[in-house]
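Q: If you scroll down you'll find the structure; I have some questions about it.
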Amino acid sequence: MQAYIAIIVFIIVYALILSEKVHRTIAALLGGMLLILLGVLAQEKAIEHIDWNTLGLLVGMMIVVGITRRTGVFEYLGLKAVRLAKGEPIRILIALASVTAILSAFLDNVTTVLLIVPIVFSINDKLNLKIMPFLVAMIVASNIGGTATLIGDPPNIMIGSQTHLGFVDFITNLTPVVIVIHVATMAVFYFIYRNEMKVSNELKADLMKIDPLSAIKDSALLKKCLFVLGLILIGFFTHQALDLESATIALSGGVLLMFITKEEPEQILLTVEWPTIFFFIGLFIVVGGLIETGIIDSMAHWAITATAGNFTLTGMLILWFSAIASAFVDNIPFVATMIPLIHQMGDLGGISQTGLEPLWWALSLGACLGGNGTLIGASANVIVAGMAEKNGVHIPFIGFMKFAFPLMLLSIFISMVYLLIFYF
């Protein structure tokens with residue numbers, strides 16, 4: 001009976017998230033509380049299923065970004081990209097998309113697009129071009145860049161927290177293929193839009209007159225932020241050797257930055273995306289209900305039977321299924337469900353944690369890149385669409401999908417070739 005309740009609650013939560021009629025945070029918390037109230041999970045057991053490392057890493061990085069964004073350094077990077085592109089529109093698109101991809105590797109995608117998209121609108125106002133290609137490029141680049149590191153995208157944070165894989169593991173195993181995918185994607189944008197984006201030399205000259213350094217609002221604060229960010233990156237690279245969790249590194253950096261900048265805690269903590277944090281809490285409890293009632297175990301048995309225990313076939317199934325599913329449903333709840341499933345498949349197949357590594361890379365590539373398939377595939381997509389609406393620009397669901405879905409399939413095909421050559 002409890003298994004049926006867990007499944008029904010899970011489906012209700014998913015349906016509410018997809019409908020967007022109820023905020024996803026409320027939907028996830030509602031599901032979690034229902035499981036506890038209906039006796040499927042005891043409160044203590046529900047708390048055990050919350051991944052505090054994922055939450056700590058997110059909060060720590062949100063604090064650091066919240067303080068750093070006050071310096072204007074992100075606007076500086078956007079204007080510097082324009083300067084390097086010499087005012088040429090298609091080069092500006094590629095330069096801004098590349099900045100977005102790099103920032104997304106070290107910040108969460110939502111924060112990155114919140115910082116970059118206003119710059120895109122500002123530049124576009126001066127060039128008077130179609131804004132749509134720029135917005136689509138920022139969405140696609142944010143999801144591609146976020147795939148490259150442990151901290152770039154919530155699915156990677158969750159995978160890293162639930163496995164033995166660290167910051168260096170993600171960079172060495174995923175960054176090479178992400179670079180190839182980004183270059184291939186930018187090549188598609190170049191060939192499609194190179195002839196459409198033409199502006200006068202006068203407009204280019206006006207744009208080039210803007211000094212990127214004018215964007216820096218507080219150089220003293222910037223120095224402190226860069227110092228702490230440097231320490232955090234060193235911590236991420238060495239956290240396995242130091243036997244420290246990634247959340248400890250991020251939270252320590254956040255606290256240190258608050259201490260040396262003497263910022264008011266109330267103001268800084270307001271920059272933390274608390275709805276996202278509580279969304280994760282509710283989600284972990286809902287997935288915990290599936291684990292405790294044996295649903296995940298049954299799904300693992302089915303997956304092994306469907307692939308006849310073939311490891312390569314299992315990896316490809318995870319890659320493509322994750323990509324297609326993540327294009328239409330939020331990749332965070334999807335990955336939260338897949339992680340215990342892969343663990344269980346490993347236990348049933350007698351595969352060690354090290355032996356499971358290729359499956360984790362397949363899940364990461366599929367879930368993170370699959371978010372590019374539709375306008376609801378990832379949180380960053382929805383955020384950009386909302387920002388566009390506020391600026392009087394409507395991004396049509398089908399219009400976006402016609403362009404972005406084939407790009408997503410291209411990225412997954414490149415990922416498949418990469419995985420088959422190096423891991424399977």
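Simple scheme: letters A, B, ... for chains in structure tokens order, numbers from 1 for residues in each chain, numbers from 1 for ligands in the order shown.
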Give me the residues within 8 Å of stretch 367-377 of chain A as a PyMOL selection string, counting only C-alpha atoms and dropping any in the same chain fewer than 4 places off.

A: chain A and resi 139-140+143-144+146-147+153+155+319+322-331+334-335+363+381-382+385+397+400-401+404-409+411-412

Q: Do you have, as JSON lines, the list of residues of stretch 30-60 of chain A lying at most 9 Å from stretch 160-167 of chain A, each with its nearest atom pair and that distance in Å to one decimal, counting only C-alpha atoms and ordered by chain then number?

A:
```
{"residue": "A:Asp51", "atom": "CA", "partner": "A:Ser161", "partner_atom": "CA", "distance": 7.6}
{"residue": "A:Trp52", "atom": "CA", "partner": "A:Ser161", "partner_atom": "CA", "distance": 8.9}
{"residue": "A:Asn53", "atom": "CA", "partner": "A:Ser161", "partner_atom": "CA", "distance": 6.2}
{"residue": "A:Thr54", "atom": "CA", "partner": "A:Ser161", "partner_atom": "CA", "distance": 6.3}
```

Q: Calculated over only C-alpha atoms, which of the candidates A:Thr172, A:Gln43, A:Ser298, A:Ser379 has the smallest distance to A:Pro340?

A: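 Answer, going by the shortest atom-to-atom distance: A:Ser298.
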
Q: Under the rule that only C-alpha atoms are counted, which of A:Gly230, A:Gly145, A:Gly78, A:Gly392 is the nearest residue to A:Val178?

A: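 Of A:Gly230, A:Gly145, A:Gly78, A:Gly392, the one nearest A:Val178 is A:Gly145, counting only C-alpha atoms.
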
Q: Skip A:Asn173 itself and residues of its chain fewer than 3 positions away, then list as an NGL selection string all residues within 12 Å of it, counting only C-alpha atoms.

A: :A and (147-150 or 165-170 or 176-179 or 357-358 or 360-362 or 364-365 or 415 or 418-419 or 422-423)

Q: Could you write out that same residue set with N, CA and C atoms as a tab-separated table (two decimals), in the first residue's frame?

A:
```tsv
chain	number	residue	atom	x	y	z
A	147	THR	N	27.66	21.75	-17.77
A	147	THR	CA	27.93	20.30	-17.79
A	147	THR	C	29.38	20.00	-17.45
A	148	ALA	N	30.26	20.99	-17.58
A	148	ALA	CA	31.70	20.74	-17.55
A	148	ALA	C	32.27	20.44	-16.17
A	149	THR	N	31.64	20.93	-15.10
A	149	THR	CA	32.25	20.79	-13.77
A	149	THR	C	31.24	20.28	-12.73
A	150	LEU	N	31.77	19.95	-11.58
A	150	LEU	CA	30.97	19.47	-10.46
A	150	LEU	C	29.95	20.51	-10.01
A	165	LEU	N	32.99	10.71	-6.75
A	165	LEU	CA	33.56	11.58	-7.77
A	165	LEU	C	33.72	13.01	-7.26
A	166	GLY	N	34.88	13.62	-7.55
A	166	GLY	CA	35.18	14.97	-7.07
A	166	GLY	C	35.28	15.98	-8.19
A	167	PHE	N	35.69	17.18	-7.83
A	167	PHE	CA	35.77	18.30	-8.76
A	167	PHE	C	36.69	17.97	-9.94
A	168	VAL	N	37.86	17.43	-9.64
A	168	VAL	CA	38.84	17.11	-10.69
A	168	VAL	C	38.31	16.02	-11.61
A	169	ASP	N	37.59	15.05	-11.05
A	169	ASP	CA	37.02	13.97	-11.86
A	169	ASP	C	36.09	14.53	-12.94
A	170	PHE	N	35.24	15.47	-12.55
A	170	PHE	CA	34.29	16.05	-13.51
A	170	PHE	C	35.03	16.83	-14.60
A	176	PRO	N	36.57	18.03	-21.65
A	176	PRO	CA	37.02	17.87	-23.05
A	176	PRO	C	35.86	17.76	-24.04
A	177	VAL	N	34.87	16.93	-23.73
A	177	VAL	CA	33.76	16.76	-24.67
A	177	VAL	C	32.86	17.99	-24.67
A	178	VAL	N	32.75	18.68	-23.53
A	178	VAL	CA	31.94	19.90	-23.47
A	178	VAL	C	32.54	20.98	-24.37
A	179	ILE	N	33.86	21.09	-24.40
A	179	ILE	CA	34.53	22.07	-25.29
A	179	ILE	C	34.20	21.77	-26.75
A	357	GLU	N	31.45	4.39	-13.01
A	357	GLU	CA	31.78	5.75	-13.48
A	357	GLU	C	31.22	6.09	-14.86
A	358	PRO	N	31.37	5.21	-15.88
A	358	PRO	CA	30.84	5.56	-17.20
A	358	PRO	C	29.34	5.87	-17.18
A	360	TRP	N	27.71	7.25	-14.68
A	360	TRP	CA	27.53	8.59	-14.10
A	360	TRP	C	27.79	9.66	-15.15
A	361	TRP	N	28.82	9.45	-16.00
A	361	TRP	CA	29.11	10.44	-17.04
A	361	TRP	C	27.97	10.46	-18.08
A	362	ALA	N	27.42	9.30	-18.35
A	362	ALA	CA	26.29	9.22	-19.30
A	362	ALA	C	25.08	9.97	-18.74
A	364	SER	N	25.12	12.42	-16.46
A	364	SER	CA	25.43	13.85	-16.41
A	364	SER	C	25.28	14.50	-17.78
A	365	LEU	N	25.87	13.91	-18.80
A	365	LEU	CA	25.80	14.47	-20.15
A	365	LEU	C	24.36	14.49	-20.66
A	415	SER	N	28.39	13.31	-27.55
A	415	SER	CA	28.62	12.67	-26.25
A	415	SER	C	28.65	11.16	-26.39
A	418	TYR	N	31.91	10.07	-27.89
A	418	TYR	CA	32.95	10.26	-26.88
A	418	TYR	C	32.93	9.12	-25.85
A	419	LEU	N	31.74	8.80	-25.36
A	419	LEU	CA	31.61	7.75	-24.33
A	419	LEU	C	32.00	6.38	-24.90
A	422	PHE	N	35.93	6.26	-25.33
A	422	PHE	CA	36.80	6.35	-24.14
A	422	PHE	C	36.33	5.56	-22.92
A	423	TYR	N	35.06	5.14	-22.88
A	423	TYR	CA	34.55	4.52	-21.65
A	423	TYR	C	33.89	3.17	-21.84
```

Q: What is the atom CA of A:Glu202-atom CA of A:Leu93 distance in Å, reported with one decimal?

A: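 A separation of 18.8 Å between them.
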
Q: Within 12 Å of A:Val188, counting only C-alpha atoms, which residues qualify if same-chain residues fewer than 3 places away don't, as a ChimeraX atom specification?

A: /A:90,94,133,137,140,181-185,191-194,403-404,406-408,410-411

Q: Could you take the residues named above and write them with C-alpha atoms, as a compact mmCIF listing (two decimals), in the first residue's frame?

A:
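As written to disk, again23.txt reads:
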```txt
# COMPACT_ATOMS: atom_id res chain seq x y z
CA ILE A 90 27.95 37.33 -34.99
CA ILE A 94 29.72 33.77 -30.00
CA PRO A 133 19.35 34.31 -31.72
CA ALA A 137 22.55 31.17 -27.71
CA VAL A 140 22.15 26.75 -24.95
CA ILE A 181 30.16 20.41 -28.12
CA HIS A 182 30.37 24.15 -27.48
CA VAL A 183 32.59 24.71 -30.55
CA ALA A 184 30.24 22.61 -32.72
CA THR A 185 27.19 24.50 -31.42
CA PHE A 191 26.70 29.39 -40.36
CA ILE A 192 23.00 30.10 -39.80
CA TYR A 193 23.22 33.75 -38.72
CA ARG A 194 26.47 35.11 -40.19
CA PHE A 403 16.06 25.26 -33.38
CA ALA A 404 17.27 23.99 -29.99
CA PRO A 406 18.30 19.43 -33.16
CA LEU A 407 21.22 21.20 -31.42
CA MET A 408 20.56 19.09 -28.33
CA LEU A 410 23.84 16.93 -32.01
CA SER A 411 25.39 17.41 -28.54
```

Q: For A:Ala380, which residue among A:Ile5, A:Leu213, A:Ile102, A:Ala141 is the nearest when counting only C-alpha atoms?

A: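 Under the stated criterion, the closest residue is A:Ala141.
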
Q: Show me a table, sorted first by chain and then by increasing residue number, of the residues of stretch 154-239 of chain A having an atom at most 9 Å from stretch 253-276 of chain A, each with its shortest atom pair and the distance in Å to one decimal, counting only C-alpha atoms and written as a Markdown table.

A:
```
| residue | atom | partner | partner_atom | distance |
| --- | --- | --- | --- | --- |
| A:Leu221 | CA | A:Thr261 | CA | 7.1 |
| A:Lys224 | CA | A:Leu257 | CA | 7.3 |
| A:Cys225 | CA | A:Leu257 | CA | 6.8 |
| A:Val228 | CA | A:Gly253 | CA | 6.1 |
| A:Leu229 | CA | A:Gly253 | CA | 7.4 |
| A:Leu231 | CA | A:Gly253 | CA | 7.4 |
| A:Ile232 | CA | A:Gly253 | CA | 5.9 |
```
